[in-house]
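The structure appears right after this line, and notes come after that.
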Amino acid sequence: MQDHDSSPLSDYIEYPSEEMLQRSADFYQNIKRRHSIRSFSDRPVAKEIIENCIKAAGTAPNGANHQPWHFVAISDQDVKKQIRQQAEIHESNFYKGRAGEEWLDALKPLGTDANKPYLEHAPWLIAIFSEKKGGTAIEDKNTNYYVHESVGIATGFLINALHSCGLVTLTHTPKPMSFLSKVCGRDDNSRPYMLLIAGYPSDDATVPHHASTKKSLEDIATFL
Ligand code: IYR
């Protein structure tokens with residue numbers, strides 16, 4: 001490797017192989033209880049929990065450590081209302097036909113429609129932005145690399161973190177999402193990536209059967 005500043009890996013933990021196997025099984029059992037939820041309680045969730053989960057997301061691997069993401073965490077009722085209003089306008093056009101027949105058919109077993117009450121009911125909306133230009137310092141305006149991949153992984157970390165502390169989420173991508181930049185006060189350098197809804201499930205929350213059927217290991221993996 002080329003010469004560069006570094007320090008010894010000091011926080012790595014090796015587990016005995018039995019424990020490693022148990023941990024892999026436990027992780028799977030735990031993550032398979034994650035479901036996209038579309039009915040939220042309005043029970044509040046402490047800001048510090050969301051802060052910790054965003055800090056966890058910020059540790060995701062990314063291009064050249066430029067960390068090309070920004071998270072806008074919204075609990076303000078007026079801002080949530082604005083987001084709901086704008087998202088529902090776009091979703092209404094989408095469900096009225098803009099999506100096309102094939103897409104609408106694919107969504108039927110999920111039961112989704114243009115009505116998005118959870119955008120107002122859930123205690124937190126986290127708007128995730130990707131940053132076109134950046135660097136390791138916040139004021140940098142250099143090229144960012146693998147932006148989509150980096151923000152996707154960070155979003156995965158965030159969903160996992162929220163699930164781990166007992167919250168449910170929904171990944172929401174209203175199309176187009178450009179209205180989010182304005183509502184969240186982001187400039188041209190920020191591109192809306194996803195809106196993550198987070199909170200407690202409502203008492204009558206359901207999971208569509210269609211969404212809980214997962215492909216087998218044989219279908220999703222090849223071992224060579
Ligand atoms: N954004 C829309 C439509 C939608 C699209 C896909 I692909 C989904 O998996 C679920 C919904 C909505 O939120 O209703």
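Ordering of the structure tokens sets the chain letters (A, B, ...); residue numbers start at 1 within each chain; ligands are numbered from 1 in the order shown.
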
Notebook entry, point to check: Would you name the residues within 7 Å of ligand 1, counting only C-alpha atoms and all ligand atoms, and put them as a list in words?
Noted result: Glu91, Leu107, Thr112, Asp113, Ala114, His172, Thr173, Pro174 and Lys175 of chain A

Take the selection from the previous step and output its residues with all heavy atoms, as a PDB file, in the first residue's frame.
ATOM      1  N   GLU A  91     -48.502  12.002  -5.899  1.00  0.00           N
ATOM      2  CA  GLU A  91     -48.961  10.605  -5.844  1.00  0.00           C
ATOM      3  C   GLU A  91     -50.313  10.453  -6.542  1.00  0.00           C
ATOM      4  O   GLU A  91     -50.589   9.438  -7.173  1.00  0.00           O
ATOM      5  CB  GLU A  91     -49.073  10.130  -4.384  1.00  0.00           C
ATOM      6  CG  GLU A  91     -47.771  10.092  -3.629  1.00  0.00           C
ATOM      7  CD  GLU A  91     -46.815   8.998  -4.093  1.00  0.00           C
ATOM      8  OE1 GLU A  91     -47.131   8.260  -5.035  1.00  0.00           O
ATOM      9  OE2 GLU A  91     -45.725   8.908  -3.504  1.00  0.00           O
ATOM     10  N   LEU A 107     -48.179  -2.781  -7.988  1.00  0.00           N
ATOM     11  CA  LEU A 107     -48.426  -2.223  -6.643  1.00  0.00           C
ATOM     12  C   LEU A 107     -49.718  -2.729  -6.003  1.00  0.00           C
ATOM     13  O   LEU A 107     -49.886  -2.635  -4.782  1.00  0.00           O
ATOM     14  CB  LEU A 107     -48.470  -0.688  -6.712  1.00  0.00           C
ATOM     15  CG  LEU A 107     -47.140   0.003  -7.062  1.00  0.00           C
ATOM     16  CD1 LEU A 107     -47.327   1.497  -7.107  1.00  0.00           C
ATOM     17  CD2 LEU A 107     -46.062  -0.366  -6.045  1.00  0.00           C
ATOM     18  N   THR A 112     -51.333   0.097  -1.845  1.00  0.00           N
ATOM     19  CA  THR A 112     -50.977   1.516  -1.698  1.00  0.00           C
ATOM     20  C   THR A 112     -51.891   2.397  -2.561  1.00  0.00           C
ATOM     21  O   THR A 112     -52.427   1.945  -3.568  1.00  0.00           O
ATOM     22  CB  THR A 112     -49.508   1.766  -2.105  1.00  0.00           C
ATOM     23  OG1 THR A 112     -49.322   1.296  -3.443  1.00  0.00           O
ATOM     24  CG2 THR A 112     -48.550   1.055  -1.189  1.00  0.00           C
ATOM     25  N   ASP A 113     -52.046   3.643  -2.141  1.00  0.00           N
ATOM     26  CA  ASP A 113     -52.761   4.621  -2.969  1.00  0.00           C
ATOM     27  C   ASP A 113     -52.196   6.013  -2.689  1.00  0.00           C
ATOM     28  O   ASP A 113     -51.172   6.135  -1.994  1.00  0.00           O
ATOM     29  CB  ASP A 113     -54.282   4.547  -2.723  1.00  0.00           C
ATOM     30  CG  ASP A 113     -54.652   4.817  -1.275  1.00  0.00           C
ATOM     31  OD1 ASP A 113     -53.876   5.521  -0.585  1.00  0.00           O
ATOM     32  OD2 ASP A 113     -55.699   4.333  -0.810  1.00  0.00           O
ATOM     33  N   ALA A 114     -52.851   7.033  -3.218  1.00  0.00           N
ATOM     34  CA  ALA A 114     -52.298   8.390  -3.135  1.00  0.00           C
ATOM     35  C   ALA A 114     -52.447   9.023  -1.753  1.00  0.00           C
ATOM     36  O   ALA A 114     -51.859  10.066  -1.481  1.00  0.00           O
ATOM     37  CB  ALA A 114     -52.975   9.264  -4.181  1.00  0.00           C
ATOM     38  N   HIS A 172     -40.079   6.021   1.403  1.00  0.00           N
ATOM     39  CA  HIS A 172     -41.067   6.660   0.527  1.00  0.00           C
ATOM     40  C   HIS A 172     -40.331   7.494  -0.514  1.00  0.00           C
ATOM     41  O   HIS A 172     -39.418   8.257  -0.181  1.00  0.00           O
ATOM     42  CB  HIS A 172     -41.988   7.529   1.395  1.00  0.00           C
ATOM     43  CG  HIS A 172     -43.092   8.171   0.628  1.00  0.00           C
ATOM     44  ND1 HIS A 172     -43.895   7.486  -0.249  1.00  0.00           N
ATOM     45  CD2 HIS A 172     -43.534   9.448   0.611  1.00  0.00           C
ATOM     46  CE1 HIS A 172     -44.775   8.321  -0.769  1.00  0.00           C
ATOM     47  NE2 HIS A 172     -44.571   9.513  -0.263  1.00  0.00           N
ATOM     48  N   THR A 173     -40.737   7.308  -1.767  1.00  0.00           N
ATOM     49  CA  THR A 173     -40.078   8.063  -2.841  1.00  0.00           C
ATOM     50  C   THR A 173     -41.131   8.695  -3.744  1.00  0.00           C
ATOM     51  O   THR A 173     -41.374   8.209  -4.853  1.00  0.00           O
ATOM     52  CB  THR A 173     -39.187   7.134  -3.697  1.00  0.00           C
ATOM     53  OG1 THR A 173     -39.946   5.953  -4.023  1.00  0.00           O
ATOM     54  CG2 THR A 173     -37.924   6.721  -2.977  1.00  0.00           C
ATOM     55  N   PRO A 174     -41.787   9.758  -3.243  1.00  0.00           N
ATOM     56  CA  PRO A 174     -42.764  10.426  -4.115  1.00  0.00           C
ATOM     57  C   PRO A 174     -42.056  10.899  -5.384  1.00  0.00           C
ATOM     58  O   PRO A 174     -40.880  11.263  -5.332  1.00  0.00           O
ATOM     59  CB  PRO A 174     -43.250  11.615  -3.274  1.00  0.00           C
ATOM     60  CG  PRO A 174     -42.223  11.819  -2.221  1.00  0.00           C
ATOM     61  CD  PRO A 174     -41.578  10.487  -1.999  1.00  0.00           C
ATOM     62  N   LYS A 175     -42.743  10.835  -6.494  1.00  0.00           N
ATOM     63  CA  LYS A 175     -42.095  11.176  -7.772  1.00  0.00           C
ATOM     64  C   LYS A 175     -42.835  12.318  -8.438  1.00  0.00           C
ATOM     65  O   LYS A 175     -44.035  12.175  -8.684  1.00  0.00           O
ATOM     66  CB  LYS A 175     -42.143   9.943  -8.687  1.00  0.00           C
ATOM     67  CG  LYS A 175     -40.790   9.477  -9.167  1.00  0.00           C
ATOM     68  CD  LYS A 175     -40.931   8.288 -10.048  1.00  0.00           C
ATOM     69  CE  LYS A 175     -39.901   8.440 -11.163  1.00  0.00           C
ATOM     70  NZ  LYS A 175     -39.901   7.438 -12.117  1.00  0.00           N
TER      71      LYS A 175
END

Proximity check segment 145-200 of chain A to segment 115-138 of chain A, 6 Å, nearest pairs one decimal Å, only C-alpha atoms, as a Markdown table:
| residue | atom | partner | partner_atom | distance |
| --- | --- | --- | --- | --- |
| A:Asn189 | CA | A:Lys132 | CA | 5.4 |
| A:Ser190 | CA | A:Glu131 | CA | 4.7 |
| A:Arg191 | CA | A:Ser130 | CA | 5.2 |
| A:Pro192 | CA | A:Phe129 | CA | 4.4 |
| A:Tyr193 | CA | A:Phe129 | CA | 5.1 |
| A:Met194 | CA | A:Ile128 | CA | 5.3 |
| A:Leu195 | CA | A:Ala127 | CA | 4.5 |
| A:Leu196 | CA | A:Ile126 | CA | 5.0 |
| A:Ile197 | CA | A:Leu125 | CA | 4.6 |
| A:Ala198 | CA | A:Trp124 | CA | 5.3 |
| A:Gly199 | CA | A:Ala122 | CA | 5.6 |

Check: Where does DSSP see strand (DSSP E) in chain A, if you list the residues as number ranges by chain?
Finding: A: 69-74, 124-131, 133-134, 142-143, 168-172, 190-199

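We find atom CA of Pro109 of chain A and atom CA of Glu88 of chain A to be spaced 20.2 Å apart.
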
Next item on the list: Would you list, as a ChimeraX atom specification, the residues of chain A that end up in alpha helix (DSSP H) under DSSP run on this structure's backbone?
Entry: /A:17-31,47-57,77-93,101-107,118-121,147-164,179-183,209-212,217-220

Quick one: contact table of segment 95-209 of chain A to segment 31-42 of chain A, 8 Å max, nearest atom pair and distance in Å to one decimal per residue, counting only C-alpha atoms, chain and number order, as CSV?
residue,atom,partner,partner_atom,distance
A:Tyr118,CA,A:Phe40,CA,5.8
A:His121,CA,A:Asp42,CA,5.0
A:Ala122,CA,A:Asp42,CA,5.2
A:Pro123,CA,A:Asp42,CA,5.7
A:Asn160,CA,A:Ile31,CA,7.6
A:His163,CA,A:Arg34,CA,6.5
A:Val168,CA,A:Ile37,CA,6.5
A:Thr169,CA,A:Ser36,CA,5.8
A:Leu170,CA,A:Ser36,CA,4.8
A:Thr171,CA,A:Ser36,CA,7.2
A:Gly199,CA,A:Phe40,CA,6.6
A:Tyr200,CA,A:Ser41,CA,5.5
A:Pro201,CA,A:Phe40,CA,4.4
A:Ser202,CA,A:Ser41,CA,4.2
A:Asp203,CA,A:Ser41,CA,7.5
A:Asp204,CA,A:Ser39,CA,7.5
A:Ala205,CA,A:Ser39,CA,5.2
A:Thr206,CA,A:Ile37,CA,7.2
A:Val207,CA,A:Ile37,CA,6.9

Keeping all heavy atoms, export the residues of the selection given above as a CSV table (one decimal), in the first residue's frame.
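Listed below is the output, again-v7.csv:
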chain,number,residue,atom,x,y,z
A,118,TYR,N,-49.8,9.0,7.0
A,118,TYR,CA,-48.6,8.8,7.8
A,118,TYR,C,-47.6,9.9,7.7
A,118,TYR,O,-46.8,10.1,8.6
A,118,TYR,CB,-47.9,7.4,7.6
A,118,TYR,CG,-47.7,7.1,6.1
A,118,TYR,CD1,-46.7,7.7,5.4
A,118,TYR,CD2,-48.5,6.2,5.4
A,118,TYR,CE1,-46.5,7.3,4.0
A,118,TYR,CE2,-48.4,5.8,4.1
A,118,TYR,CZ,-47.3,6.4,3.4
A,118,TYR,OH,-47.1,6.1,2.1
A,121,HIS,N,-48.9,11.8,10.5
A,121,HIS,CA,-49.1,11.1,11.8
A,121,HIS,C,-47.7,10.7,12.4
A,121,HIS,O,-47.6,10.7,13.7
A,121,HIS,CB,-49.9,9.9,11.6
A,121,HIS,CG,-51.3,10.2,11.3
A,121,HIS,ND1,-52.2,9.2,10.8
A,121,HIS,CD2,-52.0,11.4,11.3
A,121,HIS,CE1,-53.4,9.8,10.5
A,121,HIS,NE2,-53.3,11.1,10.8
A,122,ALA,N,-46.8,10.2,11.6
A,122,ALA,CA,-45.6,9.7,12.2
A,122,ALA,C,-44.8,10.8,12.9
A,122,ALA,O,-44.8,12.0,12.4
A,122,ALA,CB,-44.7,9.1,11.1
A,123,PRO,N,-44.1,10.5,14.0
A,123,PRO,CA,-43.4,11.6,14.7
A,123,PRO,C,-42.2,12.1,13.9
A,123,PRO,O,-41.8,13.3,14.1
A,123,PRO,CB,-42.9,10.9,16.0
A,123,PRO,CG,-42.9,9.4,15.7
A,123,PRO,CD,-44.0,9.2,14.7
A,160,ASN,N,-31.7,0.1,9.4
A,160,ASN,CA,-31.3,-1.0,10.4
A,160,ASN,C,-31.2,-0.4,11.8
A,160,ASN,O,-31.7,-1.0,12.8
A,160,ASN,CB,-29.9,-1.5,9.9
A,160,ASN,CG,-29.6,-2.9,10.6
A,160,ASN,OD1,-30.4,-3.4,11.3
A,160,ASN,ND2,-28.5,-3.4,10.2
A,163,HIS,N,-34.7,0.2,13.1
A,163,HIS,CA,-35.3,-1.1,13.4
A,163,HIS,C,-34.7,-1.6,14.8
A,163,HIS,O,-35.5,-2.2,15.6
A,163,HIS,CB,-35.1,-2.1,12.3
A,163,HIS,CG,-35.5,-3.5,12.6
A,163,HIS,ND1,-36.8,-3.8,12.7
A,163,HIS,CD2,-34.8,-4.6,12.8
A,163,HIS,CE1,-36.9,-5.1,12.9
A,163,HIS,NE2,-35.7,-5.6,13.0
A,168,VAL,N,-40.4,1.5,13.6
A,168,VAL,CA,-40.7,1.0,12.2
A,168,VAL,C,-40.5,2.1,11.2
A,168,VAL,O,-40.5,3.3,11.6
A,168,VAL,CB,-42.1,0.4,12.1
A,168,VAL,CG1,-42.3,-0.8,13.0
A,168,VAL,CG2,-43.2,1.5,12.4
A,169,THR,N,-40.3,1.8,10.0
A,169,THR,CA,-40.0,2.7,9.0
A,169,THR,C,-40.8,2.5,7.7
A,169,THR,O,-41.3,1.3,7.5
A,169,THR,CB,-38.5,2.7,8.6
A,169,THR,OG1,-38.1,1.4,8.2
A,169,THR,CG2,-37.6,3.2,9.7
A,170,LEU,N,-40.8,3.5,6.8
A,170,LEU,CA,-41.3,3.3,5.5
A,170,LEU,C,-40.4,4.1,4.6
A,170,LEU,O,-40.1,5.3,4.8
A,170,LEU,CB,-42.7,3.8,5.3
A,170,LEU,CG,-43.3,3.7,3.9
A,170,LEU,CD1,-43.4,2.3,3.4
A,170,LEU,CD2,-44.6,4.5,3.7
A,171,THR,N,-39.9,3.4,3.5
A,171,THR,CA,-39.1,4.2,2.5
A,171,THR,C,-40.1,4.7,1.5
A,171,THR,O,-40.8,3.9,0.9
A,171,THR,CB,-38.1,3.2,1.8
A,171,THR,OG1,-38.8,2.0,1.5
A,171,THR,CG2,-37.0,2.8,2.7
A,199,GLY,N,-41.2,5.8,13.2
A,199,GLY,CA,-42.0,6.0,14.5
A,199,GLY,C,-42.5,4.7,15.0
A,199,GLY,O,-41.9,3.6,14.7
A,200,TYR,N,-43.6,4.7,15.8
A,200,TYR,CA,-44.2,3.5,16.3
A,200,TYR,C,-45.3,3.1,15.3
A,200,TYR,O,-45.9,3.9,14.7
A,200,TYR,CB,-44.8,3.7,17.6
A,200,TYR,CG,-43.9,3.9,18.8
A,200,TYR,CD1,-43.6,5.2,19.2
A,200,TYR,CD2,-43.3,2.9,19.5
A,200,TYR,CE1,-42.7,5.5,20.2
A,200,TYR,CE2,-42.4,3.1,20.5
A,200,TYR,CZ,-42.1,4.4,20.9
A,200,TYR,OH,-41.3,4.7,21.9
A,201,PRO,N,-45.5,1.7,15.1
A,201,PRO,CA,-46.7,1.3,14.3
A,201,PRO,C,-48.0,1.7,15.0
A,201,PRO,O,-48.0,1.7,16.2
A,201,PRO,CB,-46.5,-0.2,14.2
A,201,PRO,CG,-45.7,-0.6,15.4
A,201,PRO,CD,-44.8,0.6,15.8
A,202,SER,N,-49.0,1.9,14.3
A,202,SER,CA,-50.3,2.1,14.9
A,202,SER,C,-50.8,0.7,15.4
A,202,SER,O,-50.3,-0.3,14.9
A,202,SER,CB,-51.4,2.7,13.9
A,202,SER,OG,-51.6,1.7,12.9
A,203,ASP,N,-51.8,0.7,16.3
A,203,ASP,CA,-52.2,-0.6,16.8
A,203,ASP,C,-52.8,-1.5,15.7
A,203,ASP,O,-52.7,-2.7,15.9
A,203,ASP,CB,-53.3,-0.4,17.9
A,203,ASP,CG,-52.7,0.2,19.1
A,203,ASP,OD1,-51.5,0.1,19.3
A,203,ASP,OD2,-53.5,0.8,19.9
A,204,ASP,N,-53.3,-0.9,14.6
A,204,ASP,CA,-53.9,-1.7,13.6
A,204,ASP,C,-53.0,-1.9,12.4
A,204,ASP,O,-53.4,-2.2,11.3
A,204,ASP,CB,-55.3,-1.2,13.2
A,204,ASP,CG,-55.2,0.3,12.7
A,204,ASP,OD1,-54.1,0.8,12.7
A,204,ASP,OD2,-56.2,0.8,12.3
A,205,ALA,N,-51.7,-1.7,12.6
A,205,ALA,CA,-50.7,-1.8,11.4
A,205,ALA,C,-50.7,-3.2,10.9
A,205,ALA,O,-50.8,-4.2,11.6
A,205,ALA,CB,-49.3,-1.4,11.9
A,206,THR,N,-50.6,-3.3,9.5
A,206,THR,CA,-50.6,-4.6,8.9
A,206,THR,C,-49.4,-4.7,8.0
A,206,THR,O,-48.7,-3.7,7.6
A,206,THR,CB,-51.8,-4.8,8.0
A,206,THR,OG1,-51.9,-3.7,7.0
A,206,THR,CG2,-53.1,-4.8,8.8
A,207,VAL,N,-49.1,-6.0,7.6
A,207,VAL,CA,-48.0,-6.2,6.6
A,207,VAL,C,-48.6,-7.0,5.5
A,207,VAL,O,-49.2,-8.0,5.6
A,207,VAL,CB,-46.9,-7.1,7.3
A,207,VAL,CG1,-45.8,-7.4,6.3
A,207,VAL,CG2,-46.3,-6.5,8.5

Check: What gap, in Å, lies between atom CA of Ala154 of chain A and atom CA of Ala60 of chain A?
Finding: 5.0 Å

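The gap separating atom CA of Met177 of chain A from atom CA of Lys108 of chain A is 22.3 Å, in Å to one decimal.
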
Next item on the list: Identify which of the residues A:Trp103, A:His90, A:Cys165, A:Ser212 lies closest to Glu48 of chain A, counting only C-alpha atoms when measuring atom-to-atom distances.
Entry: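 Nearest candidate to Glu48 of chain A out of A:Trp103, A:His90, A:Cys165, A:Ser212: A:Cys165.
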